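Colleague: The following block contains the structure, expressed as C-alpha cells.
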Amino acid sequence: MTAETRHWRTREEMEKVEQQTLAPFAQKSGESRGREHPESSHSYRTEFQRDRARIIHSRAFRRLEYKTQVFLNGTGDHLRTRLTHSIEVASISRTIARALGLNEDLAEAIALAHDLGHSPFGHSGEEMLAECMRDHGGFDHNKQSQRVVELLENAYPNFPGLNLTFEVREGLKKHQAFYDPPVAGEEKYRCPSLEAQIANLADEITYYSHDLDDAVDFEILSAQQLEENSVWRKSHGAVIARYPEAREPELHKFIIRDIIDVQVRDAVASSGQAIAAAVVESADDVRRQSSPLIRYSDELLEANRALRKFLYQNVYYHPRVAEVNANACEMLRCVFEAYVEDPSQLGEGATRRLESEGMYRTVCDYIAGMTDRYLIEEYHRLAQ
C-alpha cells in the first residue's frame, strides 16, 4: 500500500522526501546521530518532529509564558514574554530554513528550545543568578537549556530529560567554541548544523526588532531617538514611500515588519552566497567550517551592532526598565540565599537532586525554572 492509497505517510517515506527535496548540506532526520538513550523510531514522525513535540509539551516550555523578555511580565498585555519570543524565533527560523532548502523541523525545534533554561526576570535575572553562582560554577541560560532537556525535565520513566536528538542538543550549544562529537574518537568541529546557525541568527533578528516594538509600545522611545538609528531610519523611509498616509499607532508596526523583512532577506541572500563559496556538500562539511555560514552582509552586520548598542543605551538600561528589574532581581537574590540557608524549602524534585548535584547547583536549577510570578510569591512567603 502506498502513501496515496492509504492517505498518510510513514516516517520512512517522510525521510525519503527529505533526501529528495532538501539541499545536500541540510541535516536530514534519517541521518540523525541519534539519542543518548536508545528509543524505537516513531511510525509517522521523523526524529526532529518528535523532538519539536517533546519541547512543546514540556513543563519548561509552558513556563516561558510567565517569564520576562525585557519588560517585567505582567506590565503590559501586548508585551513579549519568553514564550512569544520563542515562537517568533521559530517562525523566522522556518522561513530562512525553507528558503535555503534546509530542515525546517530541526531549525524550529532548536528555536523553540533555545530559552528553556532562561531565568525569571530576563537578562537582569540571568545576571543576578550568575552573580549568586559566581563561586559555584556560574550560570548561563544556554547551558541551562541543555540541563533542562538533558536532566531536569522528568516526563519519561526510562531516562532523565527529554532525550532529544544530538542535532537539537548541538543547537543549544550556541556560544561554545568547539562542539564535542557524539562518539569518543571522532573529530571535533567548530560549527553546528546550518539549522542550528539559523536558530541563532533568528534569535537576534527577533529580539532586535521586537524589543524595539515593545519599547515603542511602552513609550520609552521618542520619534527623534528612533530616527538616530540607521536600521529604523531606513525602514521608516521605505514604509513612508509605500504608505505616505501611514500614521501612528499603526506606523511603527509597519516599520517593525519592514525591519524583519530586511533582516531575513539579507540573511537568506548572504548565507546563500557563503554556502556556495564554501562548496559544502554535506551537513558534516558545514561542521568542519572555521566560521558560521549563516550570516548577515557586512553592511547589515555593522548596522545591527549599532542597533544593539542603541537598545542597551535607550531600552535595556532605561530607568522604567532597569529600576523594576533591579527590584525583582533583589527578590531573586533573597530567595536564593533563603534556599541555601534552608534547602528544605525547595520542592520535592529539587530536594532529591541535592546529593548528586550539590546545594548551589540544585538551588540554581530550581530558581532558573521559576516563572516571574512564582519567584515573587516565594519571596513574600519566605519573608514572612
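Note on naming: chains are A, B, ... as they come in the C-alpha cells, residues start from 1 per chain, ligands start from 1 in the order shown.
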For the contact check between stretch 204-260 of chain A and stretch 90-106 of chain A, emit one row per residue of stretch 204-260 of chain A within 12 Å, containing the shortest atom pair and the distance in Å rounded to one decimal, counting only C-alpha atoms, chain then rising number order, as a Markdown table.

Modeller:
| residue | atom | partner | partner_atom | distance |
| --- | --- | --- | --- | --- |
| A:Glu204 | CA | A:Ile92 | CA | 10.4 |
| A:Ile205 | CA | A:Ile92 | CA | 8.3 |
| A:Thr206 | CA | A:Ile92 | CA | 7.8 |
| A:Tyr207 | CA | A:Ile92 | CA | 11.5 |
| A:Ser209 | CA | A:Ile92 | CA | 11.9 |
| A:Ile260 | CA | A:Ile92 | CA | 8.9 |

Colleague: Can you list, as a ChimeraX atom specification, every protein, DNA or RNA residue that comes within 12 Å of A:Asn154 when you count only C-alpha atoms, leaving out same-chain residues fewer than 2 positions away?

Modeller: /A:54,57-60,147-152,156-163,349-350

Colleague: Determine, counting only C-alpha atoms, which protein, DNA and RNA residues have an atom within 10 Å of an atom of A:Arg287; residues of the same chain fewer than 5 positions away are not included. Present the result as an MDAnalysis selection string.

Modeller: chainID A and resid 178:179 188:194 280 282 292:293

Colleague: Which residue, A:Glu126, A:Glu18, A:Asp217, A:Glu167, has the smallest gap to A:Asp51 when you use only C-alpha atoms?

Modeller: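 Of all the options, A:Glu167 lies closest to A:Asp51.
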
Colleague: Within 8 Å of A:Gln146, counting only C-alpha atoms, which residues qualify if same-chain residues fewer than 2 places away don't, as a list in words?

Modeller: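 Non-adjacent residues within range: Gly117, Asn142, Lys143, Gln144, Val148, Val149, Glu150, Arg169, Leu172 and Lys173 of chain A.
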
Colleague: Kindly provide the residues of stretch 214-283 of chain A that approach stretch 294-304 of chain A to within 12 Å, each paired with its closest atom pair and their distance in Å to one decimal, based on only C-alpha atoms, listed by chain and increasing number, as a Markdown table.

Modeller:
| residue | atom | partner | partner_atom | distance |
| --- | --- | --- | --- | --- |
| A:Glu228 | CA | A:Ala303 | CA | 11.9 |
| A:Asn229 | CA | A:Ala303 | CA | 8.5 |
| A:Ser230 | CA | A:Ala303 | CA | 6.8 |
| A:Val231 | CA | A:Ala303 | CA | 6.4 |
| A:Trp232 | CA | A:Ala303 | CA | 10.0 |
| A:Arg233 | CA | A:Ala303 | CA | 11.1 |
| A:Lys234 | CA | A:Ala303 | CA | 10.7 |
| A:Ile259 | CA | A:Asn304 | CA | 10.9 |
| A:Ile260 | CA | A:Asn304 | CA | 11.9 |
| A:Val262 | CA | A:Leu300 | CA | 9.2 |
| A:Gln263 | CA | A:Leu300 | CA | 7.8 |
| A:Val264 | CA | A:Tyr296 | CA | 8.9 |
| A:Arg265 | CA | A:Tyr296 | CA | 9.4 |
| A:Asp266 | CA | A:Tyr296 | CA | 6.0 |
| A:Ala267 | CA | A:Tyr296 | CA | 4.8 |
| A:Val268 | CA | A:Ile294 | CA | 8.0 |
| A:Ala269 | CA | A:Ser297 | CA | 8.4 |
| A:Ser270 | CA | A:Ser297 | CA | 5.5 |
| A:Ser271 | CA | A:Ile294 | CA | 4.7 |
| A:Gly272 | CA | A:Ile294 | CA | 8.0 |
| A:Gln273 | CA | A:Ile294 | CA | 9.6 |
| A:Ala274 | CA | A:Ile294 | CA | 7.5 |
| A:Ile275 | CA | A:Ile294 | CA | 8.0 |
| A:Ala276 | CA | A:Ile294 | CA | 11.5 |
| A:Ala278 | CA | A:Ile294 | CA | 11.6 |

Colleague: Might you pull out every residue within 12 Å of A:Ala322, with only C-alpha atoms counted and same-chain residues fewer than 2 positions away left off, and present them as a PyMOL selection string?

Modeller: chain A and resi 70-72+121-125+312-320+324-329

Colleague: For the selection just defined, write its residues with N, CA and C atoms to a file, as a compact mmCIF listing (two decimals), in the first residue's frame.

Modeller:
# COMPACT_ATOMS: atom_id res chain seq x y z
N VAL A 70 11.89 41.46 28.11
CA VAL A 70 12.59 42.69 28.51
C VAL A 70 11.81 43.41 29.60
N PHE A 71 10.51 43.59 29.34
CA PHE A 71 9.65 44.30 30.28
C PHE A 71 9.01 43.29 31.22
N LEU A 72 9.07 43.58 32.52
CA LEU A 72 8.66 42.63 33.53
C LEU A 72 7.29 42.04 33.21
N PHE A 121 12.83 37.08 35.14
CA PHE A 121 13.24 38.50 35.08
C PHE A 121 14.25 38.80 33.97
N GLY A 122 14.21 38.03 32.90
CA GLY A 122 15.01 38.36 31.72
C GLY A 122 16.51 38.34 31.95
N HIS A 123 17.22 39.19 31.19
CA HIS A 123 18.68 39.19 31.29
C HIS A 123 19.16 39.73 32.63
N SER A 124 18.38 40.59 33.24
CA SER A 124 18.74 41.08 34.58
C SER A 124 18.73 39.94 35.57
N GLY A 125 17.72 39.07 35.46
CA GLY A 125 17.65 37.89 36.33
C GLY A 125 18.80 36.94 36.08
N TYR A 312 20.74 48.90 24.16
CA TYR A 312 21.30 48.91 25.51
C TYR A 312 21.25 50.32 26.11
N GLN A 313 21.56 51.30 25.29
CA GLN A 313 21.60 52.67 25.81
C GLN A 313 20.21 53.23 26.10
N ASN A 314 19.24 52.87 25.28
CA ASN A 314 17.94 53.55 25.35
C ASN A 314 16.78 52.69 25.84
N VAL A 315 16.98 51.37 25.89
CA VAL A 315 15.89 50.49 26.29
C VAL A 315 16.25 49.67 27.52
N TYR A 316 17.26 48.81 27.41
CA TYR A 316 17.56 47.85 28.47
C TYR A 316 17.97 48.54 29.78
N TYR A 317 18.62 49.69 29.68
CA TYR A 317 19.03 50.41 30.88
C TYR A 317 18.17 51.64 31.16
N HIS A 318 17.04 51.75 30.48
CA HIS A 318 16.13 52.85 30.73
C HIS A 318 15.59 52.72 32.16
N PRO A 319 15.46 53.82 32.90
CA PRO A 319 15.01 53.74 34.30
C PRO A 319 13.71 52.96 34.48
N ARG A 320 12.76 53.10 33.55
CA ARG A 320 11.48 52.39 33.70
C ARG A 320 11.63 50.89 33.55
N VAL A 324 12.64 48.60 37.78
CA VAL A 324 11.73 47.50 38.07
C VAL A 324 12.48 46.18 38.11
N ASN A 325 13.36 45.97 37.13
CA ASN A 325 14.12 44.73 37.08
C ASN A 325 15.08 44.61 38.27
N ALA A 326 15.65 45.74 38.70
CA ALA A 326 16.57 45.71 39.84
C ALA A 326 15.84 45.26 41.11
N ASN A 327 14.63 45.76 41.31
CA ASN A 327 13.84 45.34 42.47
C ASN A 327 13.51 43.86 42.40
N ALA A 328 13.16 43.40 41.21
CA ALA A 328 12.83 41.99 41.04
C ALA A 328 14.06 41.11 41.29
N CYS A 329 15.22 41.56 40.81
CA CYS A 329 16.45 40.79 40.98
C CYS A 329 16.88 40.71 42.44

Colleague: Please list as a PyMOL selection string every residue within 12 Å of A:Asp342, counting only C-alpha atoms and excluding residues in the same chain fewer than 5 positions away.

Modeller: chain A and resi 335-337+347+351+359-360+363+382

Colleague: Run DSSP on the backbone and tell me which residues of stretch 76-249 of chain A come out as helix (DSSP H, G or I); list them as a ChimeraX atom specification.

Modeller: /A:82-99,104-113,122-132,141-152,166-171,194-217,223-227,230-242

Colleague: For A:Ser119, work out the shell of residues within 12 Å, counting only C-alpha atoms and skipping chain neighbours fewer than 5 positions away, then give it as a PyMOL selection string.

Modeller: chain A and resi 60+63-64+66-69+82+124-130+139-145+148+328-329+332+364-372+374-375

Colleague: Once you have the residues from the selection above, write them out as a short mmCIF file (atom, residue, chain, number, x, y, z; two decimals), in the first residue's frame, restricted to N, CA, C and O atoms.

Modeller:
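Listed below is the output, selection.cif:
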data_model
loop_
_atom_site.label_atom_id
_atom_site.label_comp_id
_atom_site.auth_asym_id
_atom_site.auth_seq_id
_atom_site.Cartn_x
_atom_site.Cartn_y
_atom_site.Cartn_z
N ALA A 60 8.80 23.09 31.08
CA ALA A 60 9.68 24.26 30.95
C ALA A 60 9.20 25.19 29.85
O ALA A 60 9.28 26.42 29.97
N ARG A 63 6.18 27.19 31.02
CA ARG A 63 6.52 28.24 31.99
C ARG A 63 7.05 29.51 31.31
O ARG A 63 7.03 30.59 31.91
N LEU A 64 7.50 29.40 30.07
CA LEU A 64 8.02 30.58 29.38
C LEU A 64 6.95 31.66 29.22
O LEU A 64 7.28 32.84 29.04
N TYR A 66 5.25 32.94 31.42
CA TYR A 66 5.29 33.84 32.57
C TYR A 66 6.72 34.24 32.93
O TYR A 66 7.02 34.49 34.09
N LYS A 67 7.59 34.27 31.91
CA LYS A 67 8.96 34.74 32.12
C LYS A 67 9.20 35.99 31.27
O LYS A 67 8.80 36.05 30.10
N THR A 68 9.87 36.95 31.87
CA THR A 68 10.12 38.24 31.23
C THR A 68 11.02 38.10 30.01
O THR A 68 12.01 37.35 30.02
N GLN A 69 10.70 38.86 28.96
CA GLN A 69 11.61 39.05 27.83
C GLN A 69 12.48 40.28 28.12
O GLN A 69 13.65 40.17 28.41
N ARG A 82 8.95 35.34 27.23
CA ARG A 82 9.89 34.34 26.68
C ARG A 82 9.16 33.37 25.74
O ARG A 82 9.75 32.89 24.78
N SER A 124 18.38 40.59 33.24
CA SER A 124 18.74 41.08 34.58
C SER A 124 18.73 39.94 35.57
O SER A 124 19.62 39.82 36.42
N GLY A 125 17.72 39.07 35.46
CA GLY A 125 17.65 37.89 36.33
C GLY A 125 18.80 36.94 36.08
O GLY A 125 19.35 36.35 37.02
N GLU A 126 19.18 36.80 34.81
CA GLU A 126 20.31 35.94 34.47
C GLU A 126 21.60 36.47 35.11
O GLU A 126 22.40 35.70 35.66
N GLU A 127 21.79 37.78 35.04
CA GLU A 127 23.00 38.38 35.62
C GLU A 127 23.02 38.19 37.14
O GLU A 127 24.08 37.89 37.72
N MET A 128 21.87 38.33 37.80
CA MET A 128 21.82 38.14 39.25
C MET A 128 22.08 36.68 39.62
O MET A 128 22.81 36.39 40.58
N LEU A 129 21.50 35.76 38.86
CA LEU A 129 21.72 34.34 39.17
C LEU A 129 23.18 33.97 38.92
O LEU A 129 23.77 33.18 39.67
N ALA A 130 23.78 34.54 37.89
CA ALA A 130 25.21 34.31 37.64
C ALA A 130 26.06 34.84 38.79
O ALA A 130 27.06 34.23 39.17
N PHE A 139 26.42 30.65 35.98
CA PHE A 139 25.11 30.39 35.35
C PHE A 139 25.08 31.02 33.98
O PHE A 139 25.46 32.17 33.80
N ASP A 140 24.61 30.27 32.99
CA ASP A 140 24.43 30.75 31.63
C ASP A 140 23.17 30.12 31.09
O ASP A 140 22.99 28.90 31.18
N HIS A 141 22.26 30.90 30.54
CA HIS A 141 20.95 30.34 30.18
C HIS A 141 21.04 29.35 29.03
O HIS A 141 20.19 28.47 28.91
N ASN A 142 22.07 29.47 28.18
CA ASN A 142 22.23 28.48 27.11
C ASN A 142 22.60 27.11 27.68
O ASN A 142 22.02 26.08 27.30
N LYS A 143 23.56 27.10 28.60
CA LYS A 143 23.93 25.84 29.24
C LYS A 143 22.76 25.30 30.08
O LYS A 143 22.55 24.09 30.17
N GLN A 144 22.00 26.22 30.67
CA GLN A 144 20.86 25.79 31.47
C GLN A 144 19.79 25.15 30.59
O GLN A 144 19.11 24.19 31.01
N SER A 145 19.63 25.62 29.37
CA SER A 145 18.68 24.98 28.45
C SER A 145 19.09 23.54 28.18
O SER A 145 18.23 22.65 28.09
N VAL A 148 18.07 21.51 31.16
CA VAL A 148 16.63 21.26 31.16
C VAL A 148 16.29 20.04 30.31
O VAL A 148 15.56 19.14 30.74
N ALA A 328 13.16 43.40 41.21
CA ALA A 328 12.83 41.99 41.04
C ALA A 328 14.06 41.11 41.29
O ALA A 328 13.97 40.04 41.90
N CYS A 329 15.22 41.56 40.81
CA CYS A 329 16.45 40.79 40.98
C CYS A 329 16.88 40.71 42.44
O CYS A 329 17.49 39.73 42.86
N LEU A 332 15.12 37.89 43.76
CA LEU A 332 15.77 36.65 43.34
C LEU A 332 16.93 36.32 44.27
O LEU A 332 17.09 35.18 44.71
N CYS A 364 20.16 26.72 42.14
CA CYS A 364 20.21 27.45 40.87
C CYS A 364 19.22 26.86 39.87
O CYS A 364 18.46 27.60 39.22
N ASP A 365 19.20 25.54 39.73
CA ASP A 365 18.26 24.88 38.83
C ASP A 365 16.82 25.23 39.19
O ASP A 365 15.99 25.49 38.31
N TYR A 366 16.54 25.20 40.49
CA TYR A 366 15.17 25.43 40.95
C TYR A 366 14.72 26.86 40.65
O TYR A 366 13.62 27.09 40.13
N ILE A 367 15.59 27.81 40.92
CA ILE A 367 15.23 29.22 40.68
C ILE A 367 15.18 29.52 39.19
O ILE A 367 14.30 30.25 38.73
N ALA A 368 16.11 28.97 38.41
CA ALA A 368 16.10 29.21 36.97
C ALA A 368 14.81 28.73 36.33
O ALA A 368 14.34 29.30 35.34
N GLY A 369 14.21 27.70 36.90
CA GLY A 369 12.98 27.17 36.36
C GLY A 369 11.74 27.94 36.75
O GLY A 369 10.65 27.72 36.21
N MET A 370 11.86 28.87 37.69
CA MET A 370 10.69 29.60 38.17
C MET A 370 10.17 30.61 37.15
O MET A 370 10.93 31.18 36.39
N THR A 371 8.88 30.83 37.20
CA THR A 371 8.30 31.97 36.49
C THR A 371 8.52 33.22 37.34
O THR A 371 8.80 33.13 38.55
N ASP A 372 8.36 34.38 36.73
CA ASP A 372 8.45 35.63 37.49
C ASP A 372 7.45 35.62 38.65
O ASP A 372 7.78 35.98 39.79
N TYR A 374 5.97 33.14 40.23
CA TYR A 374 6.22 32.20 41.32
C TYR A 374 7.37 32.69 42.20
O TYR A 374 7.33 32.57 43.43
N LEU A 375 8.40 33.29 41.58
CA LEU A 375 9.51 33.78 42.38
C LEU A 375 9.05 34.91 43.32
O LEU A 375 9.45 34.95 44.48
#

Colleague: Go ahead and compute the interatomic distance for atom CA of A:Ile240 and atom CA of A:Asp77, in Å to one decimal.

Modeller: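 Computing it gives 28.1 Å between the two atoms.
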
Colleague: Measuring between only C-alpha atoms, which one of A:Glu131, A:Val286, A:Thr165, A:Thr21 shows the shortest distance to A:Ser41?

Modeller: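 Among the listed residues, A:Thr165 lies closest to A:Ser41.
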
Colleague: My list of candidates is A:Met331, A:Val340, A:Val168, A:Ala202. Which is closest to A:His85 when distances are computed with only C-alpha atoms?

Modeller: A:Ala202

Colleague: May I ask which of the residues A:Ala306, A:Cys334, A:Val279, A:Ala107 is the closest one to A:Gly171, counting only C-alpha atoms?

Modeller: A:Ala107

Colleague: Work out how far apart atom CA of A:Leu307 and atom CA of A:Asp203 are and give it in Å to one decimal.

Modeller: 14.6 Å

Colleague: Point out the residue among A:Leu112, A:Asp285, A:Arg62, A:Leu212 with the least atom-to-atom distance to A:Ile256, counting only C-alpha atoms.

Modeller: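 Counting only C-alpha atoms, the residue closest to A:Ile256 is A:Leu212.
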
Colleague: Suppose you want the space between atom CA of A:Ser29 and atom CA of A:Glu108; what is it in Å?

Modeller: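 Distance between the two atoms: 13.2 Å.
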
Colleague: So, with only C-alpha atoms as the atoms that count, which of A:Glu348, A:Cys132, A:Glu170, A:Phe218 lies closest to A:Arg333?

Modeller: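 Checking each candidate against A:Arg333, we get A:Cys132 as the closest.
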